[in-house]
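What follows is a set of notes on a single structure, which appears directly below.
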Amino acid sequence: MKSLVYLGPGTKAVQDRPKPAIAAPTDAIVRIMKTTICGTDLHILKGDVPSCDPGRVLGHEGVGVIDQVGPAVTAFKVGDRVLISCITACGKCVYCRKLMYSHCTTGGWILGNRIDGTQAEFVRIPYADMSLYHIPDGADDEALVMLSDILPTGFECGVLNGKVQPGNTVAIVGAGPVGLAALLTAQFYSPAEIIMVDLDDNRLDVATRFGATSTVNSGDGKAAAAIMQMTGGRGVDTAIEAVGIPATFELCENIVAPGGTIANIGVHGTQAPLHLERLWDRNIAITTRLVDTVSTPMLLNVLGAHKIDPQRLITHRFTFDKILDAYETFAHAASTRALKVIIEA
Ligand SMILES: NC(=O)c1ccc[n+]([C@@H]2O[C@H](COP(=O)([O-])OP(=O)(O)OC[C@H]3O[C@@H](n4cnc5c(N)ncnc54)[C@H](O)[C@@H]3O)[C@@H](O)[C@H]2O)c1
Ligand SMILES: [Zn+2]
Ligand SMILES: [Zn+2]
């Protein structure tokens, strides 16, 4: 089967690989219908993710059809259409029992990282009963691909951890797919203001269309002053970091109001400064989280009720034989205006 394989920092290739086989009774084999590329796949290709070894098939998002099930799988049968979660959960370990699936002792974020992923014709899904979801009749496959990772990440790590409340003021730093997913799902709670921050004016325009009440281009280095002015000198109740670099975490520290929350989403590869000399008396909270995908059933309901339209995040479509072009398009978002790219089998 055709697969997109990570070959070490800076290199990837489409290779022919054997079709995966059931390795444990709780496994399922899924034939991929649609997959996509994540910012985290680009982090892997830069060499930022040491757990991912060369030779790995990438991808942790997608929808497909069950091709085979192990004898212990009870919730799915051959032919079922399924949404694949980016997080694999055994459902039984100490962390799964706390609904912290991201830290499952034999699962977590393994797909397209420690085991072969979804950018292929078939993928093996361990703990299929806990790690797949039935696709409701009539649901849009492409919109569902946004539920593998992006929507639960923006919602759980940004909106829930950030305690977004009705009438509150929110800033989201980073208007990539994850920041935009936080923007879409923050609106479940009717915050009074959502200020979106990015360097890319195209993404800020998208954010305005998605419901941001104001936008700030931080390219001039004066974003903190602008946001303090917009909020009457108070700052924001929730500052969501959706980039993953020291400068954007520091911006969140500079704009959080007394009593507020900094909710970090970004994957950080270097140390970010923590200004306790300014923050110690401000009653703030700082949260971090690897997405658990515990909100996926809720998000499926919201999608089914047409209360959210994540399909708006999709800008480009490719067939699998053009997956290298899809990577080029996704990696050069400033010129291609790409958000999420769909890759079809
Ligand atoms: N915690 C988790 O479980 C989890 C899950 C998925 C993704 N992530 C991480 O979330 C982050 C965002 O993901 P994404 O796919 O949206 O990434 P992305 O790279 O597409 O988006 C990042 C955005 O930040 C903007 N940006 C860059 N530097 C900036 C700066 N100095 N000031 C303001 N904006 C700036 C970019 O223009 C871009 O629009 C990444 O770090 C990703 O690895 C975390
Ligand atoms: Zn991802
Ligand atoms: Zn577990």
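Order determines the names: the first chain of the structure tokens is A, the second B, and so forth; residues in each chain are numbered 1 upward, and ligands are numbered 1 upward as they are shown.
Residues of protein or nucleic acid lying within 6 Å of ligand 1, counting only C-alpha atoms and all ligand atoms, are Cys38, Gly39, Thr40, Thr153, Val173, Gly174, Ala175, Gly176, Pro177, Val178, Gly179, Val197, Asp198, Leu199, Asp200, Ser218, Ala242, Val243, Gly244, Ala247, Thr248, Ile265, Gly266, Val267, Arg289, Leu290 and Val291 of chain A.
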Using the selection just defined, write its residues with C-alpha atoms as a PDB file, in the first residue's frame.
ATOM      1  CA  CYS A  38      -1.127  18.576  11.009  1.00  0.00           C
ATOM      2  CA  GLY A  39       1.327  21.286  12.100  1.00  0.00           C
ATOM      3  CA  THR A  40       2.717  18.537  14.332  1.00  0.00           C
ATOM      4  CA  THR A 153      -7.407  20.296  20.810  1.00  0.00           C
ATOM      5  CA  VAL A 173      -2.533  33.999  20.017  1.00  0.00           C
ATOM      6  CA  GLY A 174      -2.037  32.076  16.763  1.00  0.00           C
ATOM      7  CA  ALA A 175      -4.688  31.840  14.029  1.00  0.00           C
ATOM      8  CA  GLY A 176      -3.551  28.532  12.551  1.00  0.00           C
ATOM      9  CA  PRO A 177      -6.017  25.634  12.349  1.00  0.00           C
ATOM     10  CA  VAL A 178      -5.719  24.989  16.108  1.00  0.00           C
ATOM     11  CA  GLY A 179      -6.195  28.648  17.091  1.00  0.00           C
ATOM     12  CA  VAL A 197      -3.478  37.598  17.203  1.00  0.00           C
ATOM     13  CA  ASP A 198      -1.258  36.435  14.313  1.00  0.00           C
ATOM     14  CA  LEU A 199       1.431  37.712  11.933  1.00  0.00           C
ATOM     15  CA  ASP A 200      -0.545  36.693   8.839  1.00  0.00           C
ATOM     16  CA  SER A 218       1.674  41.279  16.215  1.00  0.00           C
ATOM     17  CA  ALA A 242      -1.732  28.437  19.996  1.00  0.00           C
ATOM     18  CA  VAL A 243       1.702  28.904  18.395  1.00  0.00           C
ATOM     19  CA  GLY A 244       4.341  27.169  20.539  1.00  0.00           C
ATOM     20  CA  ALA A 247       7.460  35.083  22.283  1.00  0.00           C
ATOM     21  CA  THR A 248       3.797  34.088  22.111  1.00  0.00           C
ATOM     22  CA  ILE A 265      -1.849  24.693  23.527  1.00  0.00           C
ATOM     23  CA  GLY A 266       1.389  25.112  21.547  1.00  0.00           C
ATOM     24  CA  VAL A 267       4.063  22.412  21.413  1.00  0.00           C
ATOM     25  CA  ARG A 289      -2.533  19.892  28.176  1.00  0.00           C
ATOM     26  CA  LEU A 290      -2.007  17.279  25.534  1.00  0.00           C
ATOM     27  CA  VAL A 291      -5.392  16.802  23.886  1.00  0.00           C
TER      28      VAL A 291
END
| request: Using only C-alpha atoms and all ligand atoms, determine which residues fall within 12 Å of ligand 2, then list them as a VMD selection string. | output: chain A and resid 35 to 44 58 to 62 85 to 87 109 to 113 117 to 118 145 to 154 176 to 178 265 to 267 290 to 293 340
Could you save the residues just selected, with N, CA and C atoms, as a tab-separated table (two decimals), in the first residue's frame?
chain	number	residue	atom	x	y	z
A	35	THR	N	-7.71	11.80	4.90
A	35	THR	CA	-6.80	12.15	5.98
A	35	THR	C	-6.35	13.59	5.77
A	36	THR	N	-5.47	14.08	6.65
A	36	THR	CA	-4.98	15.45	6.51
A	36	THR	C	-3.59	15.54	7.11
A	37	ILE	N	-3.01	16.73	7.04
A	37	ILE	CA	-1.67	16.98	7.58
A	37	ILE	C	-1.83	17.96	8.73
A	38	CYS	N	-1.07	17.73	9.81
A	38	CYS	CA	-1.13	18.58	11.01
A	38	CYS	C	0.18	19.37	11.12
A	39	GLY	N	0.11	20.54	11.78
A	39	GLY	CA	1.33	21.29	12.10
A	39	GLY	C	2.34	20.40	12.82
A	40	THR	N	1.83	19.43	13.60
A	40	THR	CA	2.72	18.54	14.33
A	40	THR	C	3.50	17.63	13.38
A	41	ASP	N	2.92	17.27	12.23
A	41	ASP	CA	3.67	16.48	11.23
A	41	ASP	C	4.87	17.29	10.73
A	42	LEU	N	4.67	18.61	10.61
A	42	LEU	CA	5.79	19.46	10.19
A	42	LEU	C	6.85	19.53	11.29
A	43	HIS	N	6.40	19.55	12.57
A	43	HIS	CA	7.35	19.50	13.69
A	43	HIS	C	8.18	18.21	13.60
A	44	ILE	N	7.53	17.07	13.30
A	44	ILE	CA	8.25	15.79	13.18
A	44	ILE	C	9.30	15.91	12.06
A	58	LEU	N	3.49	8.63	8.66
A	58	LEU	CA	2.97	9.78	9.42
A	58	LEU	C	1.43	9.82	9.37
A	59	GLY	N	0.86	10.75	10.16
A	59	GLY	CA	-0.57	11.02	10.13
A	59	GLY	C	-1.30	10.50	11.36
A	60	HIS	N	-2.11	11.37	11.99
A	60	HIS	CA	-2.87	10.96	13.18
A	60	HIS	C	-4.32	11.44	13.09
A	61	GLU	N	-4.77	11.73	11.86
A	61	GLU	CA	-6.13	12.22	11.66
A	61	GLU	C	-6.75	11.45	10.48
A	62	GLY	N	-8.07	11.31	10.48
A	62	GLY	CA	-8.70	10.73	9.31
A	62	GLY	C	-10.03	10.05	9.58
A	85	SER	N	-9.54	8.79	16.16
A	85	SER	CA	-9.05	9.78	17.12
A	85	SER	C	-7.52	9.84	17.03
A	86	CYS	N	-6.96	11.04	17.19
A	86	CYS	CA	-5.49	11.15	17.19
A	86	CYS	C	-4.88	10.51	18.43
A	87	ILE	N	-5.74	10.25	19.45
A	87	ILE	CA	-5.26	9.68	20.71
A	87	ILE	C	-5.81	8.26	20.85
A	109	TRP	N	-0.69	9.67	22.43
A	109	TRP	CA	-0.41	10.06	21.04
A	109	TRP	C	0.68	9.14	20.48
A	110	ILE	N	0.25	8.00	19.93
A	110	ILE	CA	1.20	7.06	19.33
A	110	ILE	C	1.05	7.01	17.81
A	111	LEU	N	-0.16	7.32	17.31
A	111	LEU	CA	-0.45	7.19	15.88
A	111	LEU	C	0.39	8.18	15.07
A	112	GLY	N	1.09	7.68	14.08
A	112	GLY	CA	1.95	8.55	13.27
A	112	GLY	C	3.10	9.11	14.07
A	113	ASN	N	3.44	8.45	15.18
A	113	ASN	CA	4.51	8.91	16.07
A	113	ASN	C	5.32	7.69	16.50
A	117	GLY	N	0.96	5.60	11.02
A	117	GLY	CA	-0.23	6.45	11.08
A	117	GLY	C	-1.14	6.36	9.87
A	118	THR	N	-1.91	7.43	9.68
A	118	THR	CA	-3.07	7.43	8.79
A	118	THR	C	-2.78	7.93	7.37
A	145	VAL	N	-13.06	14.98	9.64
A	145	VAL	CA	-11.60	14.88	9.76
A	145	VAL	C	-11.08	15.94	10.74
A	146	MET	N	-11.80	17.06	10.83
A	146	MET	CA	-11.39	18.13	11.76
A	146	MET	C	-11.62	17.72	13.22
A	147	LEU	N	-12.38	16.62	13.43
A	147	LEU	CA	-12.64	16.16	14.79
A	147	LEU	C	-11.61	15.14	15.29
A	148	SER	N	-10.69	14.70	14.41
A	148	SER	CA	-9.65	13.76	14.87
A	148	SER	C	-8.72	14.42	15.87
A	149	ASP	N	-8.43	15.72	15.66
A	149	ASP	CA	-7.40	16.39	16.46
A	149	ASP	C	-7.72	17.87	16.70
A	150	ILE	N	-7.92	18.63	15.60
A	150	ILE	CA	-7.95	20.09	15.69
A	150	ILE	C	-9.05	20.61	16.62
A	151	LEU	N	-10.28	20.14	16.40
A	151	LEU	CA	-11.40	20.65	17.22
A	151	LEU	C	-11.26	20.27	18.69
A	152	PRO	N	-11.03	18.98	19.02
A	152	PRO	CA	-10.85	18.67	20.44
A	152	PRO	C	-9.65	19.40	21.04
A	153	THR	N	-8.59	19.60	20.26
A	153	THR	CA	-7.41	20.30	20.81
A	153	THR	C	-7.75	21.74	21.16
A	154	GLY	N	-8.34	22.47	20.21
A	154	GLY	CA	-8.69	23.87	20.48
A	154	GLY	C	-9.66	23.97	21.65
A	176	GLY	N	-3.67	29.74	13.37
A	176	GLY	CA	-3.55	28.53	12.55
A	176	GLY	C	-4.79	27.68	12.77
A	177	PRO	N	-4.84	26.48	12.19
A	177	PRO	CA	-6.02	25.63	12.35
A	177	PRO	C	-6.40	25.40	13.81
A	178	VAL	N	-5.41	25.25	14.70
A	178	VAL	CA	-5.72	24.99	16.11
A	178	VAL	C	-6.28	26.24	16.77
A	265	ILE	N	-1.60	25.82	24.44
A	265	ILE	CA	-1.85	24.69	23.53
A	265	ILE	C	-0.57	24.32	22.79
A	266	GLY	N	0.25	25.32	22.44
A	266	GLY	CA	1.39	25.11	21.55
A	266	GLY	C	2.36	24.07	22.05
A	267	VAL	N	2.97	23.34	21.11
A	267	VAL	CA	4.06	22.41	21.41
A	267	VAL	C	5.34	23.25	21.48
A	290	LEU	N	-2.02	18.01	26.80
A	290	LEU	CA	-2.01	17.28	25.53
A	290	LEU	C	-3.45	16.86	25.32
A	291	VAL	N	-3.97	17.06	24.12
A	291	VAL	CA	-5.39	16.80	23.89
A	291	VAL	C	-5.75	15.37	24.31
A	292	ASP	N	-6.86	15.24	25.03
A	292	ASP	CA	-7.31	13.92	25.48
A	292	ASP	C	-8.36	13.30	24.56
A	293	THR	N	-8.99	14.14	23.75
A	293	THR	CA	-10.11	13.75	22.87
A	293	THR	C	-11.30	13.20	23.67
A	340	LYS	N	-6.46	23.76	6.44
A	340	LYS	CA	-6.35	22.30	6.45
A	340	LYS	C	-6.49	21.79	5.02
| request: Set the cut-off to 9 Å, count only C-alpha atoms and all ligand atoms, and list whatever residues fall near ligand 3 as a list of chain:residue names. | output: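 I would give the residues around ligand 3 as A:Thr88, A:Ala89, A:Cys90, A:Gly91, A:Lys92, A:Cys93, A:Val94, A:Tyr95, A:Cys96, A:Arg97, A:Leu99, A:Met100, A:Tyr101, A:Ser102, A:His103, A:Cys104, A:Thr105, A:Thr106, A:Gly107, A:Gly108.
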With N, CA and C atoms retained, could you export that selection as a compact mmCIF listing (two decimals), in the first residue's frame?
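Result file follows (selection-v6.txt):
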# COMPACT_ATOMS: atom_id res chain seq x y z
N THR A 88 -4.92 7.34 21.18
CA THR A 88 -5.28 5.93 21.37
C THR A 88 -5.44 5.69 22.87
N ALA A 89 -6.55 5.02 23.26
CA ALA A 89 -6.83 4.86 24.69
C ALA A 89 -7.21 3.42 25.00
N CYS A 90 -6.54 2.83 26.01
CA CYS A 90 -6.87 1.46 26.40
C CYS A 90 -8.18 1.43 27.19
N GLY A 91 -8.50 2.58 27.85
CA GLY A 91 -9.73 2.65 28.64
C GLY A 91 -9.62 2.06 30.03
N LYS A 92 -8.48 1.44 30.36
CA LYS A 92 -8.38 0.69 31.62
C LYS A 92 -7.27 1.17 32.55
N CYS A 93 -6.27 1.84 32.02
CA CYS A 93 -5.11 2.19 32.86
C CYS A 93 -5.48 3.35 33.79
N VAL A 94 -4.57 3.69 34.69
CA VAL A 94 -4.85 4.71 35.70
C VAL A 94 -5.20 6.06 35.04
N TYR A 95 -4.54 6.41 33.95
CA TYR A 95 -4.83 7.70 33.31
C TYR A 95 -6.12 7.66 32.51
N CYS A 96 -6.37 6.54 31.81
CA CYS A 96 -7.65 6.43 31.10
C CYS A 96 -8.82 6.51 32.07
N ARG A 97 -8.68 5.90 33.27
CA ARG A 97 -9.78 5.95 34.25
C ARG A 97 -10.01 7.37 34.77
N LEU A 99 -9.92 9.81 32.60
CA LEU A 99 -10.26 10.46 31.32
C LEU A 99 -9.10 11.29 30.77
N MET A 100 -7.88 10.88 31.12
CA MET A 100 -6.69 11.54 30.61
C MET A 100 -6.06 10.61 29.56
N TYR A 101 -6.82 10.44 28.46
CA TYR A 101 -6.42 9.45 27.45
C TYR A 101 -5.06 9.77 26.85
N SER A 102 -4.70 11.06 26.83
CA SER A 102 -3.42 11.44 26.21
C SER A 102 -2.24 10.79 26.93
N HIS A 103 -2.45 10.39 28.18
CA HIS A 103 -1.37 9.79 28.96
C HIS A 103 -1.59 8.30 29.18
N CYS A 104 -2.48 7.68 28.39
CA CYS A 104 -2.69 6.23 28.45
C CYS A 104 -1.33 5.53 28.46
N THR A 105 -1.14 4.61 29.41
CA THR A 105 0.21 4.03 29.59
C THR A 105 0.64 3.17 28.40
N THR A 106 -0.33 2.68 27.62
CA THR A 106 0.05 1.90 26.43
C THR A 106 -0.54 2.52 25.16
N GLY A 107 -1.00 3.77 25.27
CA GLY A 107 -1.55 4.46 24.10
C GLY A 107 -1.12 5.91 24.10
N GLY A 108 -2.11 6.84 24.14
CA GLY A 108 -1.78 8.26 24.07
C GLY A 108 -1.56 8.68 22.63
| Nearest to Phe320 in chain A: which of A:Val78, A:Leu300, A:Met1, A:Met228 is it, counting only C-alpha atoms? | A:Met1
| request: Go through A:Gln119, A:Lys2, A:Val14, A:Gly64 and flag the residue nearest Leu324 in chain A, using only C-alpha atoms for the distances. | output: A:Val14
| field | Residues within 9 Å of range 304-307 of chain A, only C-alpha atoms, excluding chain neighbours under 4 positions, as an MDAnalysis selection string | value | chainID A and resid 136 138:139 188 299:300
| request: Write out as a ChimeraX atom specification which residues come within 7 Å of range 269-280 of chain A when counting only C-alpha atoms, dropping same-chain ones fewer than 2 positions away. | output: /A:48,246,249-250,267,282
| Nearest candidate to Glu156 in chain A (options A:Cys52, A:Gly219, A:Ala181, A:Gln311; using only C-alpha atoms) |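 Among the listed residues, A:Ala181 lies closest to Glu156 in chain A.
Note that the spacing between CA of Arg124 in chain A and CA of Phe76 in chain A amounts to 13.9 Å.
Picture a line from CA of Pro50 in chain A to CA of Ala120 in chain A; it runs 21.7 Å.
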| said: When you look at range 201-211 of chain A with a cut-off of 8 Å (counting only C-alpha atoms), what residues show up, excluding the ones that are within fewer than 6 positions of it in the same chain? I need them as an MDAnalysis selection string. | reply: chainID A and resid 175:176 180 183:184 187 194 217 334 337
| Out of range 18-202 of chain A, which residues get alpha helix (DSSP H) from DSSP, as a VMD selection string? | chain A and resid 39 to 46 94 to 97 128 to 131 141 to 145 150 to 152 177 to 186 201 to 202
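Of all the residues in range 38-123 of chain A, the ones DSSP labels as strand (DSSP E or B) from the backbone are A:Val57, A:Gly62, A:Val63, A:Gly64, A:Val65, A:Ile66, A:Asp67, A:Gln68, A:Val69, A:Arg81, A:Val82, A:Leu83, A:Ile84, A:Thr88, A:Gly108, A:Leu111, A:Ile115, A:Ala120, A:Phe122, A:Val123.
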Residues from the last selection, C-alpha atoms, saved as a CSV table (one decimal), in the first residue's frame:
chain,number,residue,atom,x,y,z
A,57,VAL,CA,4.2,6.3,8.4
A,62,GLY,CA,-8.7,10.7,9.3
A,63,VAL,CA,-11.9,8.9,8.5
A,64,GLY,CA,-12.2,5.5,7.0
A,65,VAL,CA,-14.0,2.1,6.8
A,66,ILE,CA,-13.4,-0.9,9.0
A,67,ASP,CA,-11.6,-3.5,6.9
A,68,GLN,CA,-10.8,-6.1,9.7
A,69,VAL,CA,-11.4,-6.4,13.4
A,81,ARG,CA,-17.5,4.1,8.7
A,82,VAL,CA,-15.3,5.5,11.5
A,83,LEU,CA,-13.7,8.6,12.7
A,84,ILE,CA,-10.1,8.0,13.9
A,88,THR,CA,-5.3,5.9,21.4
A,108,GLY,CA,-1.8,8.3,24.1
A,111,LEU,CA,-0.4,7.2,15.9
A,115,ILE,CA,3.3,3.4,15.5
A,120,ALA,CA,-1.6,5.5,4.0
A,122,PHE,CA,-4.7,1.3,5.6
A,123,VAL,CA,-3.9,1.9,9.3
| Nearest residue to Val256 in chain A from the set A:Glu241, A:Asp140, A:Glu328, A:Asp27 (distances using only C-alpha atoms) |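 Selected residue with least distance to Val256 in chain A: A:Glu241.
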| message | Could you list, as a count of residues only, every residue within 8 Å of Ile195 in chain A, counting only C-alpha atoms and ignoring same-chain residues fewer than 3 positions away? | response | 10
